[in-house]
Amino acid sequence: MRLIFALILTALASLPARAEVDIQSVTSPGGLTAWLVEEPSIPFVALELRFRGGASLDRPGKRGAVNLMTALLEEGAGDMDARAFARGAEALAASYDFDASNDAVAISTRFLTENRAASVALLKAALQEPRFDEEAIERVRRQVLSIIQSDQKDPDDIASQTFNQIAYGDHPYGSSLNGTLESVAALTRDDLLAAHADVLARDRIYIGAVGDITPEELGALVDDLLGGLPATGADMPPMAEVAIPPGVTVVDFATPQSVAIFGQKGIKQDDPDFFAATILNHVIGGGSFESRLMSEVREKRGLTYGVYSYLVPRDLAEVYMGNVSSANDRIAQAIAVIRDEWAKAAAEGITPQELQDAKTYITGAYPLRFDGNGPIANILVGMQMIGLPIDYIPTRNDKVEAVTLEDVTRVAGELLDPEGLHFVVVGQPLGVESTGN
């Protein structure tokens, strides 16, 4: 069975990338909505589920509960302990992935058509009848605590957590979804049951399916799989108030190389100017070796191996961030160059050639995302969560091409805030001091 599944995955990998997909909206008899791309040529289905809210729904004082609960969903369900569940998945050649982020709990499933009923039954047990056995709780808790301890010694994680605390304060975004050593150690089985009821509810679910399944079959499947979950979950958290002060925060850390994360307020993904901002970011720092930051900081001055910028539009906040690493005696210069490039782009925008090159890359890379049933199912769910129309895919590149140089110049002036950038530097940087903000 595992060999059959491997052969199917190999066949899927050989299929050409496609950006034109026929999406159907399916409403189940029970009223659940799913988006489907029917592909009967290979007897295989990818199913993607996402529950909005995720780790942001941790209750006060229970940070890390949703993350721990999610990790335990495959550690025993119904009459199966963790080993029996794993053996069942292996016998079916089915794969299950459970993941928590601050915005969603995501569940990815891949199964063969001939094993559909049994594979869905196994997932149904995990979602509706998780055991949360004490032995499993303690084993997974130790794993999470080990991750937290490791993160406390990792300069990249220290920089990220420090920046998030500055940007989001007491909002759930401001702390690690893993929780703290103290909060995770104190979590009880009742806390995990409460987290399960808060998050895994039908009023916040998004469903995408791709493969060998009809709309009628999918409707019956999702009702069977999800119908037993609570109708409603916990209230969604409020929007985060992003308050990033200008300046620098230095976190002392004994290392020969400093790590810096920088950022400012961002732009919503449903903003009409988001594509102009995407092109702008590609030119500044999102275009790998072709970006301005890479050219100025790495190629011309040799200050780093890599420097990047990226838009981060979350459900409850949006920021514009970047990162760079450099030797302690050179990080100050790297920061200065980044500020200069931010200011230059804010004042002047980008050139016509940069606009065309960015469009060519962004439109050309888009079809490469559709390289298999699983990635497409993931895209379908993401589209629903953002609120994109079902016919968005064939029109997406046209929206990119419609962005003008004037659009990007205007957005650069409105979005970029060189004086408002905040840098978190972890290391022992020379010539860089905290500003006290």
# chains A, B, ... in the order shown; residues from 1 in each chain; ligands from 1
call {"tool": "residues_around", "arguments": {"residues": "Ala334 of chain A", "least_positions_apart": "3", "cutoff": "12 Å", "atoms": "only C-alpha atoms", "output": "PDB file with C-alpha atoms, in the first residue's frame"}}
result
ATOM      1  CA  SER A 258      24.133  39.851  15.297  1.00  0.00           C
ATOM      2  CA  VAL A 259      20.647  39.001  14.078  1.00  0.00           C
ATOM      3  CA  ALA A 260      18.309  41.880  13.296  1.00  0.00           C
ATOM      4  CA  ILE A 261      14.576  41.915  12.609  1.00  0.00           C
ATOM      5  CA  PHE A 262      13.069  45.180  11.502  1.00  0.00           C
ATOM      6  CA  LEU A 293      18.591  45.412  -0.259  1.00  0.00           C
ATOM      7  CA  MET A 294      20.481  42.362  -1.463  1.00  0.00           C
ATOM      8  CA  SER A 295      22.370  44.479  -3.966  1.00  0.00           C
ATOM      9  CA  GLU A 296      23.291  47.259  -1.557  1.00  0.00           C
ATOM     10  CA  VAL A 297      23.871  45.290   1.654  1.00  0.00           C
ATOM     11  CA  ARG A 298      25.380  42.081   0.290  1.00  0.00           C
ATOM     12  CA  LYS A 300      28.191  46.050  -2.949  1.00  0.00           C
ATOM     13  CA  ARG A 301      29.307  46.048   0.688  1.00  0.00           C
ATOM     14  CA  GLY A 302      29.576  42.394   1.699  1.00  0.00           C
ATOM     15  CA  LEU A 303      27.795  42.996   4.988  1.00  0.00           C
ATOM     16  CA  THR A 304      25.651  39.847   4.989  1.00  0.00           C
ATOM     17  CA  TYR A 305      24.877  36.598   3.261  1.00  0.00           C
ATOM     18  CA  GLY A 306      21.243  37.576   2.953  1.00  0.00           C
ATOM     19  CA  VAL A 307      18.750  40.344   3.684  1.00  0.00           C
ATOM     20  CA  ASN A 323      15.623  40.486   8.575  1.00  0.00           C
ATOM     21  CA  VAL A 324      19.391  40.577   8.234  1.00  0.00           C
ATOM     22  CA  SER A 325      22.393  39.016   9.963  1.00  0.00           C
ATOM     23  CA  SER A 326      25.867  40.513  10.063  1.00  0.00           C
ATOM     24  CA  ALA A 327      29.065  40.497  12.100  1.00  0.00           C
ATOM     25  CA  ASN A 328      28.844  42.466  15.323  1.00  0.00           C
ATOM     26  CA  ASP A 329      31.207  45.115  13.971  1.00  0.00           C
ATOM     27  CA  ARG A 330      29.252  45.507  10.708  1.00  0.00           C
ATOM     28  CA  ILE A 331      25.585  45.309  11.715  1.00  0.00           C
ATOM     29  CA  VAL A 337      21.981  51.003   4.499  1.00  0.00           C
ATOM     30  CA  ILE A 338      18.549  49.444   5.042  1.00  0.00           C
ATOM     31  CA  ARG A 339      17.204  52.725   6.408  1.00  0.00           C
ATOM     32  CA  ASP A 340      18.655  54.577   3.425  1.00  0.00           C
ATOM     33  CA  GLU A 341      17.056  52.197   0.929  1.00  0.00           C
ATOM     34  CA  PHE A 423      15.140  47.245  14.604  1.00  0.00           C
ATOM     35  CA  VAL A 425      19.157  43.395  17.249  1.00  0.00           C
ATOM     36  CA  PRO A 429      26.632  44.848  18.086  1.00  0.00           C
ATOM     37  CA  LEU A 430      29.246  47.588  17.986  1.00  0.00           C
ATOM     38  CA  GLY A 431      27.885  51.077  17.457  1.00  0.00           C
ATOM     39  CA  VAL A 432      24.265  50.049  18.036  1.00  0.00           C
TER      40      VAL A 432
END
call {"tool": "closest_atom_pairs", "arguments": {"of": "segment 295-390 of chain A", "to": "segment 205-226 of chain A", "cutoff": "9 Å", "atoms": "only C-alpha atoms", "output": "CSV"}}
result
residue,atom,partner,partner_atom,distance
A:Gly372,CA,A:Val210,CA,8.9
A:Asn373,CA,A:Val210,CA,5.4
A:Gly374,CA,A:Val210,CA,7.3
A:Ile376,CA,A:Val210,CA,7.0
A:Ala377,CA,A:Gly208,CA,4.9
A:Asn378,CA,A:Gly208,CA,6.8
A:Ile379,CA,A:Gly208,CA,8.0
A:Leu380,CA,A:Gly208,CA,5.4
A:Val381,CA,A:Gly208,CA,5.2
A:Gly382,CA,A:Tyr206,CA,8.5
A:Gln384,CA,A:Tyr206,CA,6.8
A:Met385,CA,A:Tyr206,CA,7.0
call {"tool": "write_last_selection", "arguments": {"atoms": "N, CA, C and O atoms", "output": "PDB file, in the first residue's frame"}}
result
ATOM      1  N   GLY A 372       0.317  20.315  -7.498  1.00  0.00           N
ATOM      2  CA  GLY A 372      -0.179  19.053  -6.970  1.00  0.00           C
ATOM      3  C   GLY A 372      -1.485  19.249  -6.236  1.00  0.00           C
ATOM      4  O   GLY A 372      -1.894  20.376  -5.928  1.00  0.00           O
ATOM      5  N   ASN A 373      -2.161  18.141  -5.947  1.00  0.00           N
ATOM      6  CA  ASN A 373      -3.455  18.220  -5.278  1.00  0.00           C
ATOM      7  C   ASN A 373      -3.371  18.913  -3.925  1.00  0.00           C
ATOM      8  O   ASN A 373      -4.219  19.728  -3.574  1.00  0.00           O
ATOM      9  N   GLY A 374      -2.342  18.570  -3.140  1.00  0.00           N
ATOM     10  CA  GLY A 374      -2.216  19.156  -1.814  1.00  0.00           C
ATOM     11  C   GLY A 374      -2.040  20.662  -1.836  1.00  0.00           C
ATOM     12  O   GLY A 374      -2.779  21.387  -1.156  1.00  0.00           O
ATOM     13  N   ILE A 376      -2.866  22.757  -4.123  1.00  0.00           N
ATOM     14  CA  ILE A 376      -4.077  23.403  -4.634  1.00  0.00           C
ATOM     15  C   ILE A 376      -5.157  23.437  -3.559  1.00  0.00           C
ATOM     16  O   ILE A 376      -5.833  24.456  -3.367  1.00  0.00           O
ATOM     17  N   ALA A 377      -5.330  22.335  -2.826  1.00  0.00           N
ATOM     18  CA  ALA A 377      -6.311  22.316  -1.742  1.00  0.00           C
ATOM     19  C   ALA A 377      -5.987  23.382  -0.704  1.00  0.00           C
ATOM     20  O   ALA A 377      -6.883  24.059  -0.179  1.00  0.00           O
ATOM     21  N   ASN A 378      -4.711  23.565  -0.417  1.00  0.00           N
ATOM     22  CA  ASN A 378      -4.273  24.585   0.534  1.00  0.00           C
ATOM     23  C   ASN A 378      -4.606  25.981   0.019  1.00  0.00           C
ATOM     24  O   ASN A 378      -5.062  26.851   0.773  1.00  0.00           O
ATOM     25  N   ILE A 379      -4.400  26.201  -1.282  1.00  0.00           N
ATOM     26  CA  ILE A 379      -4.720  27.499  -1.890  1.00  0.00           C
ATOM     27  C   ILE A 379      -6.221  27.769  -1.824  1.00  0.00           C
ATOM     28  O   ILE A 379      -6.653  28.901  -1.547  1.00  0.00           O
ATOM     29  N   LEU A 380      -7.041  26.752  -2.077  1.00  0.00           N
ATOM     30  CA  LEU A 380      -8.491  26.928  -2.037  1.00  0.00           C
ATOM     31  C   LEU A 380      -8.949  27.419  -0.663  1.00  0.00           C
ATOM     32  O   LEU A 380      -9.797  28.309  -0.557  1.00  0.00           O
ATOM     33  N   VAL A 381      -8.376  26.833   0.391  1.00  0.00           N
ATOM     34  CA  VAL A 381      -8.751  27.241   1.739  1.00  0.00           C
ATOM     35  C   VAL A 381      -8.267  28.655   2.031  1.00  0.00           C
ATOM     36  O   VAL A 381      -8.994  29.471   2.611  1.00  0.00           O
ATOM     37  N   GLY A 382      -7.035  28.958   1.610  1.00  0.00           N
ATOM     38  CA  GLY A 382      -6.515  30.306   1.821  1.00  0.00           C
ATOM     39  C   GLY A 382      -7.356  31.361   1.133  1.00  0.00           C
ATOM     40  O   GLY A 382      -7.598  32.438   1.691  1.00  0.00           O
ATOM     41  N   GLN A 384     -10.540  31.228   0.496  1.00  0.00           N
ATOM     42  CA  GLN A 384     -11.790  31.403   1.247  1.00  0.00           C
ATOM     43  C   GLN A 384     -11.570  32.250   2.498  1.00  0.00           C
ATOM     44  O   GLN A 384     -12.387  33.122   2.818  1.00  0.00           O
ATOM     45  N   MET A 385     -10.488  32.003   3.196  1.00  0.00           N
ATOM     46  CA  MET A 385     -10.242  32.731   4.440  1.00  0.00           C
ATOM     47  C   MET A 385      -9.991  34.204   4.193  1.00  0.00           C
ATOM     48  O   MET A 385     -10.369  35.060   5.002  1.00  0.00           O
TER      49      MET A 385
END
call {"tool": "closest_residue", "arguments": {"among": "A:Arg141, A:Arg50, A:Arg369, A:Arg410", "to": "Arg189 of chain A", "atoms": "only C-alpha atoms"}}
result
A:Arg141
call {"tool": "atom_distance", "arguments": {"atom1": "atom CA of Glu48 of chain A", "atom2": "atom CA of Asp270 of chain A"}}
result
22.4 Å
call {"tool": "select_by_dssp", "arguments": {"residues": "segment 214-347 of chain A", "states": "strand (DSSP E or B)", "output": "PyMOL selection string"}}
result
chain A and resi 247-252+257-265+307-313+318-327
call {"tool": "write_last_selection", "arguments": {"atoms": "N, CA, C and O atoms", "output": "short mmCIF file (atom, residue, chain, number, x, y, z; two decimals), in the first residue's frame"}}
result
data_model
loop_
_atom_site.label_atom_id
_atom_site.label_comp_id
_atom_site.auth_asym_id
_atom_site.auth_seq_id
_atom_site.Cartn_x
_atom_site.Cartn_y
_atom_site.Cartn_z
N GLY A 247 13.02 53.27 16.27
CA GLY A 247 14.21 53.10 17.10
C GLY A 247 14.81 51.73 17.03
O GLY A 247 14.60 50.98 16.07
N VAL A 248 15.54 51.38 18.09
CA VAL A 248 16.30 50.14 18.13
C VAL A 248 16.17 49.52 19.51
O VAL A 248 16.19 50.21 20.53
N THR A 249 16.04 48.21 19.54
CA THR A 249 16.11 47.44 20.77
C THR A 249 17.24 46.43 20.64
O THR A 249 17.24 45.62 19.70
N VAL A 250 18.20 46.49 21.54
CA VAL A 250 19.32 45.55 21.52
C VAL A 250 19.14 44.54 22.64
O VAL A 250 18.90 44.91 23.79
N VAL A 251 19.21 43.27 22.28
CA VAL A 251 19.16 42.18 23.25
C VAL A 251 20.55 41.56 23.30
O VAL A 251 21.02 40.99 22.32
N ASP A 252 21.20 41.68 24.44
CA ASP A 252 22.57 41.17 24.56
C ASP A 252 22.57 39.65 24.47
O ASP A 252 21.83 38.96 25.17
N GLN A 257 27.97 37.11 15.62
CA GLN A 257 27.14 37.69 14.57
C GLN A 257 25.80 38.12 15.13
O GLN A 257 25.14 37.36 15.83
N SER A 258 25.42 39.35 14.83
CA SER A 258 24.13 39.85 15.30
C SER A 258 23.03 39.50 14.31
O SER A 258 23.23 39.48 13.10
N VAL A 259 21.86 39.24 14.87
CA VAL A 259 20.65 39.00 14.08
C VAL A 259 19.73 40.19 14.28
O VAL A 259 19.51 40.63 15.42
N ALA A 260 19.20 40.73 13.20
CA ALA A 260 18.31 41.88 13.30
C ALA A 260 17.00 41.60 12.57
O ALA A 260 16.99 41.09 11.45
N ILE A 261 15.90 41.90 13.23
CA ILE A 261 14.58 41.92 12.61
C ILE A 261 14.08 43.34 12.66
O ILE A 261 14.21 44.02 13.68
N PHE A 262 13.55 43.80 11.54
CA PHE A 262 13.07 45.18 11.50
C PHE A 262 11.66 45.21 10.94
O PHE A 262 11.24 44.29 10.22
N GLY A 263 10.92 46.26 11.28
CA GLY A 263 9.56 46.32 10.77
C GLY A 263 8.85 47.61 11.08
O GLY A 263 9.33 48.47 11.83
N GLN A 264 7.66 47.72 10.47
CA GLN A 264 6.78 48.86 10.63
C GLN A 264 5.36 48.37 10.36
O GLN A 264 5.15 47.19 10.10
N LYS A 265 4.39 49.27 10.41
CA LYS A 265 3.02 48.89 10.07
C LYS A 265 2.95 48.45 8.61
O LYS A 265 3.70 48.92 7.77
N VAL A 307 19.63 39.37 3.05
CA VAL A 307 18.75 40.34 3.68
C VAL A 307 17.43 40.33 2.92
O VAL A 307 17.42 40.30 1.69
N TYR A 308 16.34 40.32 3.66
CA TYR A 308 15.04 40.12 3.03
C TYR A 308 13.99 41.03 3.68
O TYR A 308 14.11 41.42 4.84
N SER A 309 12.94 41.32 2.92
CA SER A 309 11.77 42.01 3.46
C SER A 309 10.53 41.26 3.01
O SER A 309 10.55 40.56 1.98
N TYR A 310 9.44 41.41 3.76
CA TYR A 310 8.24 40.65 3.45
C TYR A 310 7.03 41.29 4.11
O TYR A 310 7.09 41.82 5.23
N LEU A 311 5.92 41.26 3.39
CA LEU A 311 4.64 41.72 3.92
C LEU A 311 4.04 40.61 4.78
O LEU A 311 4.05 39.45 4.38
N VAL A 312 3.50 40.98 5.93
CA VAL A 312 2.92 40.00 6.84
C VAL A 312 1.48 40.42 7.16
O VAL A 312 1.23 41.08 8.17
N PRO A 313 0.53 40.07 6.29
CA PRO A 313 -0.88 40.39 6.58
C PRO A 313 -1.55 39.26 7.33
O PRO A 313 -1.91 38.24 6.77
N GLU A 318 -1.47 43.70 10.54
CA GLU A 318 -0.57 43.59 9.39
C GLU A 318 0.68 44.42 9.65
O GLU A 318 0.60 45.55 10.16
N VAL A 319 1.81 43.83 9.33
CA VAL A 319 3.09 44.52 9.48
C VAL A 319 3.91 44.29 8.23
O VAL A 319 3.61 43.43 7.41
N TYR A 320 4.94 45.10 8.09
CA TYR A 320 5.90 44.98 6.99
C TYR A 320 7.25 44.77 7.65
O TYR A 320 7.72 45.63 8.40
N MET A 321 7.89 43.63 7.40
CA MET A 321 9.07 43.24 8.16
C MET A 321 10.24 42.88 7.27
O MET A 321 10.11 42.75 6.05
N GLY A 322 11.38 42.68 7.89
CA GLY A 322 12.57 42.23 7.20
C GLY A 322 13.55 41.66 8.19
O GLY A 322 13.37 41.78 9.41
N ASN A 323 14.60 41.03 7.68
CA ASN A 323 15.62 40.49 8.57
C ASN A 323 16.99 40.49 7.89
O ASN A 323 17.09 40.44 6.66
N VAL A 324 18.01 40.57 8.72
CA VAL A 324 19.39 40.58 8.23
C VAL A 324 20.29 40.07 9.36
O VAL A 324 19.97 40.24 10.54
N SER A 325 21.37 39.42 9.00
CA SER A 325 22.39 39.02 9.96
C SER A 325 23.73 39.55 9.48
O SER A 325 24.01 39.56 8.28
N SER A 326 24.57 39.99 10.43
CA SER A 326 25.87 40.51 10.06
C SER A 326 26.79 40.43 11.27
O SER A 326 26.34 40.29 12.42
N ALA A 327 28.09 40.50 11.01
CA ALA A 327 29.07 40.50 12.10
C ALA A 327 28.79 41.65 13.06
O ALA A 327 28.28 42.70 12.66
#
